file upload_19.txt (compact mmCIF, C-alpha atoms)
# COMPACT_ATOMS: atom_id res chain seq x y z
CA MET G 445 -75.60 -8.18 170.64
CA PRO G 446 -76.18 -5.92 167.59
CA ARG G 447 -72.43 -5.18 167.46
CA PHE G 448 -71.49 -8.86 167.73
CA ALA G 449 -73.66 -9.95 164.78
CA PRO G 450 -71.84 -7.83 162.11
CA ASN G 451 -68.45 -8.93 163.44
CA PHE G 452 -69.53 -12.55 163.36
CA ARG G 453 -70.74 -12.20 159.78
CA ARG G 454 -67.45 -10.61 158.72
CA LEU G 455 -65.56 -13.60 160.12
CA LEU G 456 -67.99 -16.24 158.91
CA PHE G 457 -68.13 -15.26 155.24
CA PRO G 458 -64.35 -15.51 154.57
CA LEU G 459 -64.27 -18.91 156.30
CA LEU G 460 -67.16 -20.17 154.23
CA GLY G 461 -65.52 -18.84 151.06
CA THR G 462 -62.23 -20.59 151.85
CA LEU G 463 -64.04 -23.86 152.56
CA ALA G 464 -66.01 -23.56 149.30
CA LEU G 465 -62.81 -22.99 147.27
CA TRP G 466 -61.12 -25.98 148.89
CA LEU G 467 -64.11 -28.21 148.22
CA ALA G 468 -64.33 -26.97 144.63
CA GLY G 469 -60.70 -27.97 144.00
CA CYS G 470 -61.21 -31.54 145.25
CA PRO G 471 -62.90 -34.32 143.28
CA ASP G 472 -66.27 -35.47 144.58
CA SER G 473 -64.82 -38.78 145.74
CA ASP G 474 -62.06 -37.01 147.73
CA ARG G 475 -64.52 -34.69 149.42
CA LEU G 476 -66.78 -37.60 150.33
CA SER G 477 -63.83 -39.69 151.60
CA TYR G 478 -62.50 -36.81 153.70
CA ALA G 479 -65.93 -36.14 155.19
CA ASN G 480 -66.43 -39.78 156.03
CA GLU G 481 -62.96 -40.15 157.57
CA VAL G 482 -63.14 -37.12 159.87
CA ASP G 483 -66.56 -38.32 161.03
CA GLU G 484 -65.12 -41.65 162.16
CA PRO G 485 -65.48 -42.04 165.96
CA TYR G 486 -61.85 -43.13 166.32
CA TYR G 487 -60.65 -40.15 164.27
CA ARG G 488 -62.58 -37.69 166.47
CA GLU G 489 -61.30 -39.51 169.54
CA GLY G 490 -57.72 -39.16 168.26
CA GLN G 491 -58.17 -35.40 167.74
CA SER G 492 -59.56 -35.02 171.26
CA LEU G 493 -56.65 -37.00 172.74
CA LEU G 494 -54.16 -34.81 170.87
CA LYS G 495 -55.65 -31.70 172.45
CA THR G 496 -55.13 -33.19 175.92
CA GLY G 497 -51.55 -34.25 175.17
CA ARG G 498 -52.20 -38.02 175.23
CA LYS G 499 -50.06 -38.74 172.17
CA GLN G 500 -49.77 -42.54 172.45
CA GLU G 501 -53.52 -43.02 172.86
CA ALA G 502 -54.15 -40.66 169.95
CA LEU G 503 -51.74 -42.73 167.82
CA ASN G 504 -53.68 -45.91 168.61
CA ALA G 505 -56.96 -44.22 167.68
CA PHE G 506 -55.67 -43.07 164.27
CA LEU G 507 -54.19 -46.51 163.60
CA LYS G 508 -57.62 -48.03 164.21
CA VAL G 509 -59.05 -45.71 161.54
CA ILE G 510 -56.37 -46.90 159.09
CA GLU G 511 -57.06 -50.54 159.95
CA LYS G 512 -60.78 -50.03 159.39
CA ARG G 513 -60.72 -47.88 156.22
CA GLY G 514 -57.63 -49.24 154.50
CA GLU G 515 -56.82 -47.05 151.49
CA GLU G 516 -59.39 -44.43 152.43
CA ALA G 517 -57.66 -42.97 155.48
CA PRO G 518 -55.17 -40.36 154.19
CA GLU G 519 -55.75 -37.89 157.03
CA SER G 520 -55.11 -40.60 159.60
CA HIS G 521 -51.86 -41.54 157.81
CA LEU G 522 -50.80 -37.90 158.05
CA GLU G 523 -51.58 -37.68 161.77
CA VAL G 524 -49.77 -40.96 162.47
CA GLY G 525 -46.71 -39.80 160.49
CA LEU G 526 -46.52 -36.57 162.48
CA LEU G 527 -46.81 -38.43 165.78
CA TYR G 528 -44.07 -40.90 164.83
CA LEU G 529 -41.75 -38.10 163.71
CA GLN G 530 -42.35 -35.47 166.38
CA HIS G 531 -43.21 -37.43 169.53
CA ILE G 532 -42.17 -41.11 169.22
CA ASN G 533 -38.87 -40.51 167.35
CA ASP G 534 -39.50 -43.27 164.82
CA PRO G 535 -38.52 -41.68 161.48
CA LEU G 536 -38.84 -44.91 159.49
CA SER G 537 -42.51 -45.34 160.42
CA ALA G 538 -43.10 -41.63 159.80
CA ILE G 539 -41.70 -41.94 156.26
CA TYR G 540 -44.02 -44.87 155.53
CA HIS G 541 -47.19 -43.01 156.60
CA PHE G 542 -46.16 -39.76 154.89
CA LYS G 543 -45.67 -41.64 151.62
CA LYS G 544 -49.06 -43.31 152.03
CA TYR G 545 -50.63 -39.87 152.44
CA LEU G 546 -48.93 -38.58 149.27
CA ALA G 547 -50.04 -41.67 147.35
CA LEU G 548 -53.66 -41.06 148.39
CA ARG G 549 -53.55 -37.23 148.16
CA PRO G 550 -50.88 -36.39 145.54
CA ASN G 551 -52.45 -32.98 144.77
CA SER G 552 -53.04 -31.93 148.36
CA PRO G 553 -51.99 -28.35 149.27
CA GLN G 554 -49.90 -29.93 152.04
CA ALA G 555 -47.97 -32.20 149.65
CA PRO G 556 -44.84 -29.96 149.42
CA LEU G 557 -44.66 -29.71 153.21
CA ILE G 558 -45.05 -33.49 153.58
CA ARG G 559 -42.17 -34.05 151.16
CA GLN G 560 -40.00 -31.81 153.32
CA ARG G 561 -41.03 -33.88 156.34
CA ILE G 562 -39.96 -37.04 154.51
CA ASP G 563 -36.52 -35.53 153.80
CA ALA G 564 -36.14 -34.56 157.47
CA ALA G 565 -37.19 -38.05 158.63
CA THR G 566 -34.70 -39.62 156.21
CA ARG G 567 -31.88 -37.57 157.69
CA ASP G 568 -32.97 -38.51 161.22
CA PHE G 569 -32.97 -42.19 160.31
CA ALA G 570 -29.54 -41.92 158.66
CA ARG G 571 -28.08 -40.62 161.93
CA THR G 572 -29.05 -43.90 163.66
CA LEU G 573 -26.95 -46.00 161.27
CA PRO G 574 -23.31 -46.97 162.00
CA ALA G 575 -20.75 -44.17 161.68
CA GLN G 576 -20.51 -43.32 157.98
CA PRO G 577 -20.62 -40.06 156.00
CA LEU G 578 -24.13 -38.61 155.89
CA GLU G 579 -24.40 -38.80 152.09
CA SER G 580 -23.43 -42.48 152.15
CA GLN G 581 -26.06 -43.12 154.83
CA LEU G 582 -28.75 -41.40 152.78
CA GLN G 583 -27.82 -43.52 149.77
CA ARG G 584 -28.08 -46.62 151.95
CA VAL G 585 -31.59 -45.63 153.01
CA ASP G 586 -32.60 -45.12 149.39
CA LEU G 587 -31.17 -48.54 148.43
CA VAL G 588 -32.99 -50.56 151.10
CA ALA G 589 -35.86 -51.42 148.74
CA THR G 590 -33.42 -52.22 145.92
CA LEU G 591 -31.47 -54.55 148.22
CA ASP G 592 -34.60 -56.49 149.11
CA ARG G 593 -35.51 -56.82 145.44
CA LEU G 594 -32.01 -58.06 144.56
CA LYS G 595 -32.19 -60.64 147.34
CA GLN G 596 -35.43 -61.99 145.92
CA GLU G 597 -33.95 -62.12 142.42
CA ASN G 598 -30.87 -63.89 143.79
CA GLU G 599 -33.02 -66.56 145.45
CA SER G 600 -34.94 -67.02 142.21
CA LEU G 601 -31.70 -67.44 140.24
CA LYS G 602 -30.45 -70.00 142.78
CA ARG G 603 -33.62 -72.04 142.34
CA GLU G 604 -33.33 -71.90 138.54
CA LEU G 605 -29.66 -72.94 138.72
CA ALA G 606 -30.53 -75.88 140.98
CA ASP G 607 -33.23 -76.97 138.53
CA LEU G 608 -30.75 -76.79 135.63
CA LYS G 609 -28.17 -78.82 137.55
CA ALA G 610 -30.79 -81.44 138.40
CA GLY G 611 -31.74 -81.69 134.72
CA ARG G 612 -28.09 -82.07 133.63
CA ASN G 613 -27.43 -84.75 136.24
CA SER G 614 -30.45 -86.71 135.03
CA ALA G 615 -29.21 -86.45 131.45
CA ALA G 616 -25.71 -87.58 132.46
CA VAL G 617 -27.07 -90.62 134.30
CA PHE G 618 -29.23 -91.53 131.30
CA ASN G 619 -26.26 -91.21 128.92
CA ALA G 620 -24.05 -93.35 131.21
CA GLU G 621 -26.68 -96.08 131.42
CA THR G 622 -27.11 -96.00 127.64
CA ALA G 623 -23.34 -96.21 127.11
CA GLY G 624 -23.10 -99.15 129.54
CA THR G 625 -25.84 -101.01 127.73
CA THR G 626 -24.07 -100.47 124.38
CA ALA G 627 -20.75 -101.67 125.81
CA ASN G 628 -22.33 -104.85 127.17
CA THR G 629 -23.91 -105.49 123.79
CA ASP G 630 -20.56 -105.05 122.03
CA ALA G 631 -18.81 -107.42 124.46
CA THR G 632 -21.23 -110.27 123.71
CA PRO G 633 -19.39 -112.91 121.58
CA ALA G 634 -20.61 -113.48 118.08
CA PRO G 635 -22.62 -116.63 117.45
CA GLY G 636 -20.60 -119.65 116.35
CA LEU G 637 -17.59 -118.85 118.53
CA SER G 638 -16.89 -120.73 121.78
CA PHE G 639 -14.33 -120.23 124.45
CA SER G 640 -13.08 -122.76 127.00
CA VAL G 641 -11.30 -121.97 130.23
CA VAL G 642 -8.83 -124.56 131.53
CA PRO G 643 -8.20 -124.30 135.28
CA ALA G 644 -4.57 -124.24 136.34
CA PRO G 645 -3.38 -127.22 138.42
CA THR G 646 -3.23 -126.72 142.13
CA VAL G 647 0.20 -127.30 143.69
CA ARG G 648 0.23 -128.07 147.39
CA THR G 649 3.41 -127.42 149.37
CA GLN G 650 4.23 -128.83 152.78
CA PRO G 651 6.20 -126.88 155.39
CA PRO G 652 9.62 -128.28 156.44
CA ALA G 653 9.51 -130.94 159.06
CA ASN G 654 11.56 -129.00 161.61
CA GLN G 655 9.58 -125.76 161.33
CA PRO G 656 7.40 -125.18 164.43
CA PRO G 657 3.73 -124.64 163.86
CA ARG G 658 2.58 -121.07 163.62
CA PRO G 659 0.63 -119.76 166.58
CA PRO G 660 -3.00 -119.07 165.88
CA ALA G 661 -3.82 -115.53 164.86
CA PRO G 662 -5.25 -113.48 167.69
CA ALA G 663 -8.97 -113.01 167.51
CA ARG G 664 -10.04 -109.64 166.31
CA VAL G 665 -12.06 -107.67 168.77
CA ALA G 666 -14.53 -105.32 167.18
CA PRO G 667 -14.00 -101.80 168.47
CA VAL G 668 -16.70 -100.54 170.71
CA ASN G 669 -18.33 -97.57 169.13
CA ALA G 670 -18.02 -94.60 171.37
CA ALA G 671 -21.23 -92.79 172.15
CA PRO G 672 -21.66 -89.88 169.77
CA ALA G 673 -20.90 -86.52 171.26
CA PRO G 674 -24.04 -84.60 172.10
CA ALA G 675 -24.94 -81.99 169.55
CA PRO G 676 -24.21 -78.44 170.70
CA ALA G 677 -27.27 -76.79 172.11
CA ARG G 678 -28.77 -74.23 169.81
CA PRO G 679 -28.86 -70.71 171.16
CA SER G 680 -32.24 -69.89 172.58
CA VAL G 681 -34.36 -67.41 170.64
CA ARG G 682 -36.02 -64.70 172.65
CA LYS G 683 -39.65 -63.84 172.08
CA HIS G 684 -41.36 -60.46 172.22
CA VAL G 685 -45.10 -59.75 172.06
CA VAL G 686 -45.78 -56.49 170.22
CA GLN G 687 -47.22 -53.76 172.45
CA PRO G 688 -48.88 -50.50 171.36
CA GLY G 689 -46.23 -48.03 170.21
CA ASP G 690 -43.55 -50.69 169.56
CA THR G 691 -41.26 -50.15 166.55
CA LEU G 692 -38.30 -52.07 165.18
CA LEU G 693 -35.98 -49.25 166.22
CA LYS G 694 -37.28 -49.37 169.78
CA LEU G 695 -36.93 -53.16 169.97
CA ALA G 696 -33.38 -53.01 168.61
CA GLN G 697 -32.48 -50.44 171.26
CA GLN G 698 -34.18 -52.51 173.98
CA TYR G 699 -32.58 -55.90 173.17
CA TYR G 700 -29.27 -54.90 171.52
CA ASN G 701 -28.75 -51.36 172.80
CA ASN G 702 -28.23 -50.49 169.13
CA ARG G 703 -31.05 -49.02 167.06
CA ALA G 704 -29.17 -49.85 163.85
CA ARG G 705 -29.89 -53.62 164.34
CA TRP G 706 -33.60 -53.26 163.60
CA ARG G 707 -33.07 -55.08 160.31
CA ASP G 708 -31.89 -58.22 162.19
CA ILE G 709 -35.26 -58.40 163.93
CA TYR G 710 -37.10 -57.70 160.66
CA SER G 711 -35.18 -60.43 158.78
CA ALA G 712 -35.98 -62.99 161.50
CA ASN G 713 -39.73 -62.23 161.32
CA ARG G 714 -40.41 -61.88 157.59
CA ASN G 715 -42.99 -64.66 157.90
CA VAL G 716 -45.24 -62.49 160.10
CA MET G 717 -44.32 -58.99 158.84
CA LYS G 718 -45.23 -57.67 155.40
CA SER G 719 -43.04 -54.59 155.79
CA GLU G 720 -40.75 -52.88 158.28
CA THR G 721 -43.74 -51.10 159.85
CA ASP G 722 -46.12 -54.07 159.94
CA LEU G 723 -46.15 -54.42 163.72
CA LYS G 724 -49.56 -55.58 164.89
CA VAL G 725 -50.30 -55.49 168.59
CA GLY G 726 -50.21 -59.02 170.06
CA THR G 727 -47.90 -60.47 167.36
CA GLU G 728 -45.11 -62.65 168.76
CA LEU G 729 -41.70 -61.75 167.31
CA LYS G 730 -38.46 -63.68 167.42
CA ILE G 731 -35.46 -61.75 168.72
CA PRO G 732 -32.36 -63.43 167.23

call {"tool": "encode", "arguments": {"input": "upload_19.txt", "output": "structure tokens"}}
result
Amino acid sequence: MPRFAPNFRRLLFPLLGTLALWLAGCPDSDRLSYANEVDEPYYREGQSLLKTGRKQEALNAFLKVIEKRGEEAPESHLEVGLLYLQHINDPLSAIYHFKKYLALRPNSPQAPLIRQRIDAATRDFARTLPAQPLESQLQRVDLVATLDRLKQENESLKRELADLKAGRNSAAVFNAETAGTTANTDATPAPGLSFSVVPAPTVRTQPPANQPPRPPAPARVAPVNAAPAPAPARPSVRKHVVQPGDTLLKLAQQYYNNRARWRDIYSANRNVMKSETDLKVGTELKIP
């Protein structure tokens, strides 16, 4: 026991010094937020599940911390990003959670490593796209957000153009009515002038005596309207209820056997999804 105590002290003091330096470099609010987050029951449960290899259950536990704490769960975002990248093979979700961690902890000592993870996840995602050069695929990933923004701007321009056309049509109708009123006013005869119309005499002719009478014209039979052809049946839309661990890439592979068609599912469910990773358990999705 006397030998163990000095060895324990030699190990304890460096650990305490390292912890004190780390705490000194963090703002008070960050230290308090970190302490509160790691004390969350779901966070501790997630760490315990990781140690026993139960990755999916650990993922659900960390996601519950994020749902509860919102913008004060950077460590949970980091754990979720690592699970998506290393165990679930969902690089798009991993990129989202890594970026959330960097937004909440931009000065973290782990920030350079997390940026490298984002680059690796981007390359993994690019490999799932249709066969194109790798550089072109990376550019396509970077332009996803720009494409969505341009679509929104395009819709806005269409609405403005429709409003302008409606305004011009109203102005044209008003001008036509005004011109018609003016023309009618100009055509009115001046007072003091009168016109008389003399009807032409009616001349009646009789057919020759020997000409046989014409047969009566056949009665016209109104055509019977054929029954309209039935409208083609619309293709049925499949439904999918989100389960724990579901991602757009997984659903695209499951229903289309093509992970690259995840955007088709996302586009069909924009009314219930705020982003590509907004998959809440129990949500019903349309599979076009």

call {"tool": "closest_residue", "arguments": {"input": "upload_19.txt", "among": "G:Ser520, G:Leu608, G:Ser719, G:Leu729", "to": "G:Val685", "atoms": "all atoms listed in the file"}}
result
G:Leu729

call {"tool": "atom_distance", "arguments": {"input": "upload_19.txt", "atom1": "atom CA of G:Glu484", "atom2": "atom CA of G:Thr691"}}
result
25.7 Å

call {"tool": "atom_distance", "arguments": {"input": "upload_19.txt", "atom1": "atom CA of G:Ser492", "atom2": "atom CA of G:Glu519"}}
result
15.0 Å

call {"tool": "closest_residue", "arguments": {"input": "upload_19.txt", "among": "G:Asn551, G:Ile731, G:Tyr487, G:Tyr528", "to": "G:Lys512", "atoms": "only C-alpha atoms"}}
result
G:Tyr487

call {"tool": "closest_residue", "arguments": {"input": "upload_19.txt", "among": "G:Tyr486, G:Tyr545, G:Phe506, G:Tyr700", "to": "G:Leu527", "atoms": "only C-alpha atoms"}}
result
G:Phe506

call {"tool": "residues_around", "arguments": {"input": "upload_19.txt", "residues": "G:Gln554", "least_positions_apart": "3", "cutoff": "12 Å", "atoms": "only C-alpha atoms", "output": "ChimeraX atom specification"}}
result
/G:518-519,522,542,545-546,549-551,557-561

call {"tool": "residues_near_point", "arguments": {"input": "upload_19.txt", "point": "(-55.2, -42.3, 174.5)", "cutoff": "12 Å", "atoms": "all atoms listed in the file", "output": "PyMOL selection string"}}
result
chain G and resi 486-507+688-689

call {"tool": "atom_distance", "arguments": {"input": "upload_19.txt", "atom1": "atom CA of G:Val686", "atom2": "atom CA of G:Thr727"}}
result
5.3 Å

call {"tool": "residues_around", "arguments": {"input": "upload_19.txt", "residues": "G:Ile539", "least_positions_apart": "4", "cutoff": "10 Å", "atoms": "only C-alpha atoms", "output": "PDB file with C-alpha atoms, in the frame of the given file"}}
result
ATOM      1  CA  GLY G 525     -46.710 -39.800 160.490  1.00  0.00           C
ATOM      2  CA  LEU G 526     -46.520 -36.570 162.480  1.00  0.00           C
ATOM      3  CA  TYR G 528     -44.070 -40.900 164.830  1.00  0.00           C
ATOM      4  CA  LEU G 529     -41.750 -38.100 163.710  1.00  0.00           C
ATOM      5  CA  ASP G 534     -39.500 -43.270 164.820  1.00  0.00           C
ATOM      6  CA  PRO G 535     -38.520 -41.680 161.480  1.00  0.00           C
ATOM      7  CA  LYS G 543     -45.670 -41.640 151.620  1.00  0.00           C
ATOM      8  CA  LYS G 544     -49.060 -43.310 152.030  1.00  0.00           C
ATOM      9  CA  TYR G 545     -50.630 -39.870 152.440  1.00  0.00           C
ATOM     10  CA  ILE G 558     -45.050 -33.490 153.580  1.00  0.00           C
ATOM     11  CA  ARG G 559     -42.170 -34.050 151.160  1.00  0.00           C
ATOM     12  CA  ARG G 561     -41.030 -33.880 156.340  1.00  0.00           C
ATOM     13  CA  ILE G 562     -39.960 -37.040 154.510  1.00  0.00           C
ATOM     14  CA  ASP G 563     -36.520 -35.530 153.800  1.00  0.00           C
ATOM     15  CA  ALA G 564     -36.140 -34.560 157.470  1.00  0.00           C
ATOM     16  CA  ALA G 565     -37.190 -38.050 158.630  1.00  0.00           C
ATOM     17  CA  THR G 566     -34.700 -39.620 156.210  1.00  0.00           C
ATOM     18  CA  PHE G 569     -32.970 -42.190 160.310  1.00  0.00           C
TER      19      PHE G 569
END

call {"tool": "closest_residue", "arguments": {"input": "upload_19.txt", "among": "G:Glu720, G:Leu548, G:Pro485, G:Asp568", "to": "G:Glu516", "atoms": "all atoms listed in the file"}}
result
G:Leu548

call {"tool": "axis_aligned_box", "arguments": {"input": "upload_19.txt", "around": "stretch 499-515 of chain G", "padding_each_side": "4 Å", "output": "JSON"}}
result
{"center_x": -55.3, "center_y": -44.6, "center_z": 162.2, "size_x": 19.0, "size_y": 19.8, "size_z": 29.4}

call {"tool": "closest_residue", "arguments": {"input": "upload_19.txt", "among": "G:Ile510, G:Ala606, G:His541, G:Gln687", "to": "G:Val725", "atoms": "all atoms listed in the file"}}
result
G:Gln687
